[in-house]
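Q: Below is one structure. I have some questions about it.
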Amino acid sequence: MSFPPDTPGAAVPARVRRPTRLHTLAWRWHAVAGLFVLPFVLTLALSGAVMVFFTGLQTRLGPNPVVQPLPSAHAVSEQALAALDAVPDGRLLAYTAPRAPDRAAWFEVQHGDRTLAIAVDPYRGDVLRWVDKERTPYAWAERIHSTLLIGDAGDRLIEIAAWATLLMLLSGAVLWWPRGALGWASRWRVQAGARGRAWWRSLHGALGAWTALLLLAFLLTGLTWTGVTGARWLQPWGSFPAAKWDAVPKSTQTHAALNTAGLQDVPWGLAQTPLPASGSAAGVAGVPAGTPVDLDSVAALARQLGYRGQHRIALPQGADGVFTISADTMSGDLQRPTGDRTVHVDRYSGRVLADIGFADYNGLAKTMAVAIALHQGDLGVWNALLNLAACLAVVLLCVAGAVMWWLRRP
C-alpha cells in the first residue's frame with residue numbers, strides 16, 4: 001500500500017540540492033586554477049621536503065662532523081689558516097662557530113666563482129670535509145623552490161602560481177562547505193564506502209580541510225620572498241630602518257650582501273637594510289682599545305656579548321666593510337626566532353656600530369621571523385616532521401586532484 005506524499009506517515013524522498021551559481025563558479029575556478037598550479041605546487045612540495053629534511057634533521061651543508069673535545073681549542077685564526085691551506089688562493093668570507101663542543105667549526109672560502117664551506121676540527125686544526133656551498137642538495141632544492149632553475153622568470157611563475165593557489169584554496173573552501181544532507185563530520189574524513197571518483201573527491205576534500213591553514217601559511221610566507229610581492233611591496237615595509245643609526249655612516253651595500261652562494265642566510269627584516277660602514281669614530285666600545293681588530297678579537301667580543309653555540313662572523317669585504325656577528329633562525333643557527341641578533345663591528349676601531357635584536361624589528365618583521373622559521377622547519381624536530389607531513393599531504397592532494405580530473409574529463 002502506498003501513501004500520497006502529503007499523507008501522514010508517508011516517506012518523503014530527500015531533496016537533491018542543485019548546485020548554486022556560486023558553487024558552479026567555484027567549481028570552474030577551482031578546476032582551472034588547479035590545472036595551472038598543480039605542477040608548481042607539486043614541485044614546491046617536493047623541493048620543500050628536501051629543504052626541510054636538511055634544516056630540521058641535518059644541516060644545510062649535510063652531515064656535521066663529530067670531533068673529540070680536548071681541554072682547549074686552537075685560536076679561530078689558526079683554524080682559519082687550516083681552512084685556507086686547503087684552498088690555495090682562497091679568500092676567507094665567514095666563520096661559523098661549532099654548534100656544540102663535539103662539533104666542527106665551518107669556514108666559508110671564496111675560490112674563483114665557487115664558495116667552499118670547510119669543516120675544521122677546532123682542537124686539532126684538521127680539515128675534516130669540504131663542500132661546494134652552491135652544489136649541496138639543500139642549495140639545489142632552494143634554487144628549484146625559488147626560481148625553478150630559470151632565474152627571475154621562474155620566480156615570477158612561482159609568484160603567479162602562489163596567487164592562483166590562494167584562489168584555489170578559496171574556491172575549494174566553497175566546494176568543501178557542507179550542503180544539503182552532508183554534515184560537517186563527513187567533510188573531515190575519507191568516506192569509507194565511496195568508490196571511484198567519489199572516493200578520490202572525499203580524500204581530496206579531507207586532506208584539504210586538514211592542511212588548508214598550514215598551506216595558507218606556506219603560501220603567504222613564501223610570497224614575502226618573491227620578486228614583486230615580497231621584494232617590492234612587503235619587504236620595504238618590514239625592513240629595519242637604518243635611520244635609527246643616526247651617527248653611523250651607511251654603506252652602499254645592504255645586508256643581502258652577506259648572503260653567500262646565492263642562498264638566503266640573512267633575516268628577512270634586514271635583507272634590504274643598508275650595512276653600516278667602517279672608518280669613523282661612531283659606535284660604542286667593543287674590542288678593547290689597543291687590541292688588534294681581527295677574527296680572534298671579534299670572536300672574543302662575540303663571547304663577551306653573549307653569543308653561545310652556533311653563530312656566524314662575516315669578515316669585512318672592501319675598505320669600508322664591517323665584521324658582522326650574527327645568530328638567527330634564517331641561517332639555521334637558532335631554533336628560537338626571538339633570539340635573533342646581529343652586531344656590526346668597525347674593522348678599524350673595533351667599536352660596535354649597530355646591535356640589532358628581535359625586539360628592534362617592527363611588527364611585520366617579527367611576524368615574518370617566526371613565520372619563516374616555521375615555514376623552513378627551523379623550530380626543532382617537531383617542526384620538521386610537521387612540515388614533512390604537510391608536504392606529503394600536498395603531494396597526495398595533487399595526485400587526488402589529477403585523478404579526479406582524469407576520471408571526469410569525458
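Residue numbering restarts at 1 for every chain of the C-alpha cells, chains are lettered A, B, ... in their displayed order, and ligands are numbered from 1 as they appear.
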Neighbours of Gln68 of chain A within 12 Å (only C-alpha atoms; same-chain residues fewer than 6 positions away dropped), as a list in words?
A: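 With the cut-off at 12 Å, the set is Ala100, Pro101, Asp102, Arg103, Ala104, Asp121, Pro122, Tyr123 and Arg124 of chain A.
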Q: Tell me which protein, DNA and RNA residues are within 9 Å of segment 309-318 of chain A, counting only C-alpha atoms, leaving out same-chain ones fewer than 3 positions away, and put them as a count of residues only.
A: 30
Q: Identify all residues of segment 227-384 of chain A in helix (DSSP H, G or I) (DSSP on the backbone) and supply them as a PyMOL selection string.
A: chain A and resi 229-238+242-244+255-258+295-304+337-339+358-360+363-376+381-384
Q: For the residues selected in the previous step, produce a file with C-alpha atoms as an mmCIF file, in the first residue's frame.
A:
```cif
data_model
loop_
_atom_site.group_PDB
_atom_site.id
_atom_site.type_symbol
_atom_site.label_atom_id
_atom_site.label_comp_id
_atom_site.auth_asym_id
_atom_site.auth_seq_id
_atom_site.Cartn_x
_atom_site.Cartn_y
_atom_site.Cartn_z
ATOM 1 C CA THR A 229 55.017 40.912 -3.771
ATOM 2 C CA GLY A 230 57.926 40.412 -1.408
ATOM 3 C CA ALA A 231 60.905 42.466 -2.566
ATOM 4 C CA ARG A 232 58.929 45.473 -3.877
ATOM 5 C CA TRP A 233 55.848 45.605 -1.647
ATOM 6 C CA LEU A 234 56.188 43.817 1.690
ATOM 7 C CA GLN A 235 59.903 43.776 2.483
ATOM 8 C CA PRO A 236 60.386 47.565 2.281
ATOM 9 C CA TRP A 237 57.638 47.931 4.915
ATOM 10 C CA GLY A 238 59.156 45.289 7.159
ATOM 11 C CA ALA A 242 68.792 52.192 9.200
ATOM 12 C CA ALA A 243 67.847 55.777 10.099
ATOM 13 C CA LYS A 244 67.903 54.609 13.729
ATOM 14 C CA HIS A 255 72.579 43.203 4.449
ATOM 15 C CA ALA A 256 71.699 40.949 1.497
ATOM 16 C CA ALA A 257 75.368 41.258 0.503
ATOM 17 C CA LEU A 258 76.135 38.971 3.465
ATOM 18 C CA LEU A 295 88.996 37.414 13.720
ATOM 19 C CA ASP A 296 90.288 36.364 17.143
ATOM 20 C CA SER A 297 89.392 39.628 18.905
ATOM 21 C CA VAL A 298 85.974 39.785 17.243
ATOM 22 C CA ALA A 299 85.302 36.151 18.240
ATOM 23 C CA ALA A 300 86.224 37.092 21.826
ATOM 24 C CA LEU A 301 83.867 40.085 21.601
ATOM 25 C CA ALA A 302 81.081 37.769 20.420
ATOM 26 C CA ARG A 303 81.501 35.657 23.548
ATOM 27 C CA GLN A 304 81.585 38.807 25.681
ATOM 28 C CA PRO A 337 63.356 33.371 16.348
ATOM 29 C CA THR A 338 63.076 35.716 19.330
ATOM 30 C CA GLY A 339 66.814 35.149 19.872
ATOM 31 C CA PHE A 358 64.395 40.664 17.619
ATOM 32 C CA ALA A 359 62.922 43.389 19.846
ATOM 33 C CA ASP A 360 64.166 46.028 17.373
ATOM 34 C CA GLY A 363 55.658 44.132 13.791
ATOM 35 C CA LEU A 364 55.827 42.742 10.256
ATOM 36 C CA ALA A 365 59.472 41.723 10.608
ATOM 37 C CA LYS A 366 58.762 39.985 13.938
ATOM 38 C CA THR A 367 55.849 38.112 12.382
ATOM 39 C CA MET A 368 57.985 37.075 9.437
ATOM 40 C CA ALA A 369 60.886 35.956 11.646
ATOM 41 C CA VAL A 370 58.555 33.476 13.358
ATOM 42 C CA ALA A 371 56.575 32.535 10.238
ATOM 43 C CA ILE A 372 59.644 31.891 8.064
ATOM 44 C CA ALA A 373 61.213 29.773 10.804
ATOM 45 C CA LEU A 374 58.013 27.701 10.869
ATOM 46 C CA HIS A 375 57.992 27.567 7.058
ATOM 47 C CA GLN A 376 61.567 26.256 6.950
ATOM 48 C CA VAL A 381 62.447 18.214 15.021
ATOM 49 C CA TRP A 382 58.699 18.521 15.678
ATOM 50 C CA ASN A 383 58.534 21.409 13.174
ATOM 51 C CA ALA A 384 60.486 19.468 10.557
#
```
Q: Ranking A:Val174, A:His111, A:Thr226, A:Ile118 by minimum distance to Ala80 of chain A and counting only C-alpha atoms, which one comes first?
A: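 That would be A:Ile118, the residue with the smallest distance to Ala80 of chain A.
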Q: List the spatial neighbours of segment 259-264 of chain A as a PDB file with C-alpha atoms, in the first residue's frame - criterion: any atom at most 8 Å away, only C-alpha atoms, same-chain residues fewer than 5 positions off excluded.
A:
```
ATOM      1  CA  ARG A 114      82.856  28.992  -6.012  1.00  0.00           C
ATOM      2  CA  THR A 115      82.024  29.320  -2.318  1.00  0.00           C
ATOM      3  CA  LYS A 133      78.012  25.544  -0.947  1.00  0.00           C
ATOM      4  CA  GLU A 134      76.194  26.064  -4.257  1.00  0.00           C
ATOM      5  CA  ALA A 139      71.185  24.505  -2.338  1.00  0.00           C
ATOM      6  CA  GLU A 142      66.350  26.000  -2.641  1.00  0.00           C
ATOM      7  CA  MET A 330      67.124  32.205   8.956  1.00  0.00           C
ATOM      8  CA  SER A 331      70.625  30.747   8.658  1.00  0.00           C
TER       9      SER A 331
END
```
Q: Leaving out Leu57 of chain A and any residue of its chain fewer than 5 positions from it, which residues lie within 10 Å of it when counting only C-alpha atoms, given as a list of chain:residue names?
A: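 Surrounding residues, per the criterion: A:Met51, A:Val52, A:Gly62, A:Pro63, A:Gly377, A:Asp378, A:Gly380, A:Val381, A:Trp382, A:Ala384, A:Leu385.
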Q: Env of Leu61 of chain A: 9 Å cut, atoms = only C-alpha atoms, seq-sep filter 4 positions within chain, self excluded. Answer as a PyMOL selection string.
A: chain A and resi 54+117+131-133+136-139
Q: Can I get the selected residues back with C-alpha atoms, as a short mmCIF file (atom, residue, chain, number, x, y, z; two decimals), in the first residue's frame?
A:
```cif
data_model
loop_
_atom_site.label_atom_id
_atom_site.label_comp_id
_atom_site.auth_asym_id
_atom_site.auth_seq_id
_atom_site.Cartn_x
_atom_site.Cartn_y
_atom_site.Cartn_z
CA PHE A 54 68.28 19.28 5.91
CA ALA A 117 82.41 25.51 3.15
CA VAL A 131 81.52 21.09 0.24
CA ASP A 132 80.74 23.48 -2.58
CA LYS A 133 78.01 25.54 -0.95
CA THR A 136 74.70 20.77 -1.91
CA PRO A 137 71.31 19.00 -2.07
CA TYR A 138 69.87 21.82 0.04
CA ALA A 139 71.18 24.51 -2.34
#
```
Q: At what distance in Å, to one decimal, does atom CA of Arg60 of chain A lie from atom CA of Pro88 of chain A?
A: 24.8 Å
Q: When you count only C-alpha atoms, which of these residues is closest to Leu148 of chain A: A:Ala289, A:Ala271, A:Val41, A:Ala393?
A: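 Once distances to Leu148 of chain A are computed over only C-alpha atoms, the minimum belongs to A:Val41.
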Q: Would you please work out which residue, of A:Val403, A:Phe240, A:Val190, A:Val120, is nearest to Asp355 of chain A when using only C-alpha atoms?
A: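 Comparing A:Val403, A:Phe240, A:Val190, A:Val120 against Asp355 of chain A, the winner is A:Phe240.
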Q: Could you pull out all residues of segment 164-410 of chain A with a DSSP call of strand (DSSP E or B) and give them as a PyMOL selection string?
A: chain A and resi 250-254+274-276+284+312-314+322-327+341-346+352-357
Q: Quick one, how far is atom CA of Leu397 of chain A from atom CA of Arg195 of chain A?
A: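 That distance, rounded to one decimal, is 17.3 Å.
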Q: Could you name the residues that touch Val284 of chain A at 12 Å or less, counting only C-alpha atoms, but leaving out those on the same chain fewer than 4 positions away, as number ranges by chain?
A: A: 245, 247-248, 280, 288-289, 343-346, 349-355
Q: Take the residues from that selection and put them in a file with C-alpha atoms, as an mmCIF file, in the first residue's frame.
A:
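Writing the result to selection_19.cif gives the following:
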```cif
data_model
loop_
_atom_site.group_PDB
_atom_site.id
_atom_site.type_symbol
_atom_site.label_atom_id
_atom_site.label_comp_id
_atom_site.auth_asym_id
_atom_site.auth_seq_id
_atom_site.Cartn_x
_atom_site.Cartn_y
_atom_site.Cartn_z
ATOM 1 C CA TRP A 245 71.705 54.692 13.467
ATOM 2 C CA ALA A 247 75.580 58.958 13.761
ATOM 3 C CA VAL A 248 76.731 55.823 11.955
ATOM 4 C CA SER A 280 84.549 56.663 11.589
ATOM 5 C CA PRO A 288 89.323 46.733 23.818
ATOM 6 C CA ALA A 289 91.452 49.704 22.789
ATOM 7 C CA VAL A 343 76.046 43.036 15.627
ATOM 8 C CA HIS A 344 78.288 45.103 13.326
ATOM 9 C CA VAL A 345 81.840 45.999 14.340
ATOM 10 C CA ASP A 346 84.064 48.655 12.754
ATOM 11 C CA SER A 349 88.396 50.824 15.648
ATOM 12 C CA GLY A 350 86.658 47.651 16.860
ATOM 13 C CA ARG A 351 83.711 49.738 18.060
ATOM 14 C CA VAL A 352 80.186 48.305 17.878
ATOM 15 C CA LEU A 353 78.341 50.280 15.198
ATOM 16 C CA ALA A 354 74.969 48.534 15.473
ATOM 17 C CA ASP A 355 73.344 45.892 17.665
#
```
Q: Hey, what's within 9 Å of segment 212-221 of chain A if we count only C-alpha atoms and toss same-chain stuff fewer than 4 positions away? As a PyMOL selection string, please?
A: chain A and resi 162-163+165-166+169+173+207-208+225+368+371-372+374-375+387+390+394
Q: Please produce a file of those selected residues containing C-alpha atoms, as a PDB file, in the first residue's frame.
A:
```pdb
ATOM      1  CA  ALA A 162      51.120  31.215  -5.464  1.00  0.00           C
ATOM      2  CA  TRP A 163      48.370  33.777  -6.054  1.00  0.00           C
ATOM      3  CA  THR A 165      46.800  28.724  -5.366  1.00  0.00           C
ATOM      4  CA  LEU A 166      45.210  31.219  -2.967  1.00  0.00           C
ATOM      5  CA  LEU A 169      42.055  27.496  -1.682  1.00  0.00           C
ATOM      6  CA  ALA A 173      36.558  26.103   0.690  1.00  0.00           C
ATOM      7  CA  LEU A 207      43.215  16.361   3.087  1.00  0.00           C
ATOM      8  CA  GLY A 208      42.427  19.906   2.028  1.00  0.00           C
ATOM      9  CA  TRP A 225      60.354  36.172  -0.708  1.00  0.00           C
ATOM     10  CA  MET A 368      57.985  37.075   9.437  1.00  0.00           C
ATOM     11  CA  ALA A 371      56.575  32.535  10.238  1.00  0.00           C
ATOM     12  CA  ILE A 372      59.644  31.891   8.064  1.00  0.00           C
ATOM     13  CA  LEU A 374      58.013  27.701  10.869  1.00  0.00           C
ATOM     14  CA  HIS A 375      57.992  27.567   7.058  1.00  0.00           C
ATOM     15  CA  ASN A 387      56.332  20.195   7.558  1.00  0.00           C
ATOM     16  CA  ALA A 390      52.337  18.686   5.193  1.00  0.00           C
ATOM     17  CA  VAL A 394      50.116  18.346  -0.560  1.00  0.00           C
TER      18      VAL A 394
END
```
Q: Point out the residue among A:Ala31, A:Ala206, A:Leu275, A:Leu223 with the least atom-to-atom distance to Arg408 of chain A, counting only C-alpha atoms.
A: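 So, comparing all the options, the nearest one is A:Ala31.
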Q: Could you tell me how far atom CA of Gln110 of chain A sits from atom CA of Arg308 of chain A, in Å to one decimal place?
A: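 Value for the atom CA of Arg308 of chain A-atom CA of Gln110 of chain A distance: 26.0 Å.
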Q: So, counting only C-alpha atoms, which residue among A:Thr329, A:Arg179, A:Val293, A:Thr252 is closest to Trp268 of chain A?
A: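 Result for the nearest residue to Trp268 of chain A: A:Thr329.
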